[in-house]
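Engineer: Dropping a structure here in structure tokens format, bear with me for questions.
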Amino acid sequence: YNVLATGYMEDCENKSDIDLSQLAKPGSNVFGIVSTLSAISAVDEEGKTGYIRNCHNHGNLSGANYITGAIGTINAGWKISDCSNRGDVIASNGASTAYAYGFSTKTSAGKTKDLLVTIERCFNSGEVRGNAGKISGLIGEAAKFTYMSDCYNTGDVYSINSNPANGASLAAGLVSQMNGVMERCFNAGDVTATNYAVGGLVGYFASGDVTYPAVLRDCFNIGNIVSLYTGTNTNGNAGGLGGFLTTSYEDVPHVVENCYNTGNVTAERRVGGLFGGAFWPYSVVRNCYNSGKVTCLKTNIISDNSERYLWSGTTYTNSYTKICDGVERLMLENHENCFYDVDLNPGAEFRSVPGSKKTTKEMKELVISDSFVNPSWGGYPVLACFTDNDAANAGSAMLLLAENDTYGNVSGEITLVGPEGCEWTAADLIEGDAADIETTSEETAVSKSLKIAGGRAVPTASGKVMLTCLYKGFKKDFTVVVDYKEQSSVEESFAGKEVKEVVLIDLQGRAVVTPEPGQVYIMRTVFTDGTMKVEKKIAKN
């Protein structure tokens with residue numbers, strides 16, 4: 001149950017399911033590997049104790065409360081390496097007391113950085129489902145003097161109760177409450193919660209210790225993030241990297257650098273592509289970008305009865321400035337070299353980092369910092385340390401729309417840009433009760449509005465469509481609204497133009513030389529001036 005400070009674990013596995021949810025009084029406190037690691041008061045210079053290596057849980061775990069995939073509390077001084085949870089983790093207790101964590105409940109701070117909690121090369125791939133604060137794919141709370149590196153989560157995370165207005169705080173793909181250092185980590189699981197402070201990497205990011213400031217470095221998120229919170233709390237609701245940046249001090253600024261988000265982010269308000277909130281101007285965010293769609297479901301009515309959309313392509317903040325020690329400071333003054341795709345996210349955002357708006361084509365060529373590279377096949381930049389990572393390559397997929405088209409009005413062909421070997425799918429969307437939340441929409445298996453044809457998506461009917469790039473088990477979603485133009489409505493604009501080539505494409509995306517009578521084809525006519533006409537044709541006898 002517990003491991004003392006003089007102990008260790010190595011090469012241990014659990015392969016059994018543990019289900020305490022069906023008991024007359026459902027049981028709690030289920031851990032895939034161990035419950036508690038006792039605090040270490042002195043460093044073992046020989047490294048013979050105080051570690052867990054190569055230990056794994058494969059079983060599905062369920063019960064009422066405090067269900068944890070691998071380790072409960074990791075106290076000061078412990079080193080955890082090459083461990084994992086691969087089973088589903090489900091806590092099923094009442095309205096707001098069902099805690100679930102994909103890997104660990106929390107780390108507990110030591111007194112100095114000499115007794116760091118170190119977590120390296122660990123992961124969770126199981127689904128995590130609970131109903132409380134700090135539900136997370138990896139760790140509920142990482143305290144001061146915690147160091148994480150090369151860790152990841154691929155399991156979907158859910159924290160749902162029946163009353164979103166009373167939602168708890170914090171839910172995340174990796175760590176709900178982060179107060180230490182995280183490097184070279186990523187999240188690929190979708191996070192759906194009624195909580196506020198919901199993020200891909202962290203729920204909220206704190207400041208660390210003056211001797212060991214908090215840092216997020218070389219990390220990314222590709223999971224879709226949804227906060228269904230409808231209450232009045234003014235902290236950030238959702239962000240691609242984190243729910244919000246909490247208190248930071250001038251002498252201890254937390255730092256986020258060389259990080260990016262490609263997942264779609266949705267919340268009622270206070271939502272950002274990077275962070276859903278920032279509350280002190282000392283927070284440093286540099287060399288970061290967002291290529292996910294940011295959806296703000298509601299607006300606020302202000303004094304002149306105009307509407308204000310409470311979102312940002314980068315970081316949202318309630319206030320433009322803040323008085324600090326008698327000096328008025330810009331809230332986002334330490335956001336440097338931060339960008340977002342304005343084609344995906346048009347419209348008036350509430351806060352904007354100067355120079356942050358870039359078109360998709362500009363993002364494709366963007367040189368962010370030495371830590372990023374631009375894929376040879378195109379796509380959004382990826383971190384140099386993740387060039388061979390399947391999740392990173394899936395997340396860098398992009399759409400290039402025809403000239404004058406927008407995501408809200410597509411009439412021409414879409415160029416599909418993705419890594420070699422990826423598969424593109426198109427599915428029509430039928431809106432659910434919560435408009436534009438794609439996770440709650442019904443999808444048809446095959447789109448009637450877009451046909452995938454040789455690296456392009458060709459309009460065939462009007463409708464709302466989800467395009468998805470699938471690559472080695474990972475995905476990136478895009479939503480477009482197709483406004484299909486019948487040939488007769490556009491014929492006049494092509495009159496008198498010289499034809500360069502005519503290509504017939506079947507509905508499987510293959511070029512056709514000899515069409516079969518009675519079959520439907522896409523006919524693409526390319527003119528010498530670079531314009532193009534796309535028609536749906538039935539081959540005649």
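Simple scheme: letters A, B, ... for chains in structure tokens order, numbers from 1 for residues in each chain, numbers from 1 for ligands in the order shown.
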What's the 6 Å shell around Val271 (chain A), counting only C-alpha atoms, without same-chain residues fewer than 5 positions away, as a PyMOL selection string?
Structural biologist: chain A and resi 237-239+276+311
Engineer: As a count of residues only, please: all residues of region 351-459 of chain A that backbone DSSP puts in alpha helix (DSSP H).
Structural biologist: 12
Engineer: A:Cys324, A:Ala100, A:Asn287, A:Leu400: which is nearest Val367 (chain A), counting only C-alpha atoms?
Structural biologist: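 Nearest to Val367 (chain A): A:Asn287.
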Engineer: Figure out the distance between CA of Asp483 (chain A) and CA of Pro459 (chain A), please, to one decimal in Å.
Structural biologist: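 Computed distance, CA of Pro459 (chain A) to CA of Asp483 (chain A), equals 8.0 Å.
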Engineer: Give me the residues within 8 Å of Leu330 (chain A) as a list of chain:residue names, counting only C-alpha atoms and dropping any in the same chain fewer than 6 places off.
Structural biologist: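 With the cut-off at 8 Å, the set is A:Pro281, A:Tyr320, A:Thr321, A:Lys322.
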Engineer: List the spatial neighbours of region 531-537 of chain A as a ChimeraX atom specification - criterion: any atom at most 6 Å away, only C-alpha atoms, same-chain residues fewer than 4 positions off excluded.
Structural biologist: /A:520-527
Engineer: Please provide as a list of chain:residue names all residues within 9 Å of Glu127 (chain A), with the sequence filter that same-chain residues fewer than 3 positions apart are discarded (counting only C-alpha atoms).
Structural biologist: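 The neighbour list is A:Arg86, A:Gly87, A:Asp88, A:Val89, A:Ile90, A:Gly102, A:Asn124, A:Gly137, A:Thr154, A:Gly155, A:Asp156, A:Val157, A:Tyr158, A:Gly189.
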Engineer: Name the residues in contact with Ser447 (chain A) at a cut-off of 7 Å, using only C-alpha atoms, excluding same-chain residues fewer than 3 positions from it; report them as a list of chain:residue names.
Structural biologist: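 The neighbour list is A:Ala426, A:Ala427, A:Asp428, A:Thr444, A:Leu450, A:Lys451.
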Engineer: Take the residues from that selection and write them out as a CSV table (one decimal), in the first residue's frame, keeping N, CA and C atoms.
Structural biologist:
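Written out: result_36.csv:
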```
chain,number,residue,atom,x,y,z
A,426,ALA,N,-14.3,13.2,-44.3
A,426,ALA,CA,-15.3,14.3,-44.2
A,426,ALA,C,-16.6,13.7,-43.7
A,427,ALA,N,-17.2,14.4,-42.8
A,427,ALA,CA,-18.5,14.0,-42.2
A,427,ALA,C,-19.4,15.2,-42.0
A,428,ASP,N,-20.6,15.0,-42.5
A,428,ASP,CA,-21.6,16.1,-42.3
A,428,ASP,C,-22.0,16.3,-40.8
A,444,THR,N,-22.7,12.2,-39.9
A,444,THR,CA,-23.0,11.2,-40.9
A,444,THR,C,-21.7,10.6,-41.2
A,450,LEU,N,-18.9,17.4,-49.1
A,450,LEU,CA,-17.5,17.4,-49.5
A,450,LEU,C,-17.0,16.0,-49.9
A,451,LYS,N,-16.4,15.9,-51.0
A,451,LYS,CA,-15.8,14.6,-51.4
A,451,LYS,C,-14.3,14.7,-51.4
```
Engineer: Any chance you could tabulate, as a tab-separated table, the residues of region 327-434 of chain A at most 8 Å from region 467-473 of chain A with each one's nearest atom pair and distance in Å to one decimal, using only C-alpha atoms, in chain and rising number order?
Structural biologist:
```
residue	atom	partner	partner_atom	distance
A:Asp390	CA	A:Lys472	CA	6.4
A:Ala391	CA	A:Tyr471	CA	7.9
A:Asn393	CA	A:Tyr471	CA	7.9
A:Ala394	CA	A:Tyr471	CA	5.5
A:Ala397	CA	A:Cys469	CA	6.8
A:Gly418	CA	A:Cys469	CA	7.1
A:Pro419	CA	A:Tyr471	CA	7.7
A:Gly421	CA	A:Tyr471	CA	7.2
A:Cys422	CA	A:Tyr471	CA	4.7
A:Glu423	CA	A:Leu470	CA	5.1
A:Trp424	CA	A:Cys469	CA	4.7
A:Thr425	CA	A:Thr468	CA	5.3
A:Ala426	CA	A:Leu467	CA	4.6
A:Ala427	CA	A:Leu467	CA	6.7
```
Engineer: Return the single residue from A:Ile52, A:Ile80, A:Val191, A:Ala64 that is closest to Ala98 (chain A), with distances computed using only C-alpha atoms.
Structural biologist: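 Comparing A:Ile52, A:Ile80, A:Val191, A:Ala64 against Ala98 (chain A), the winner is A:Ala64.
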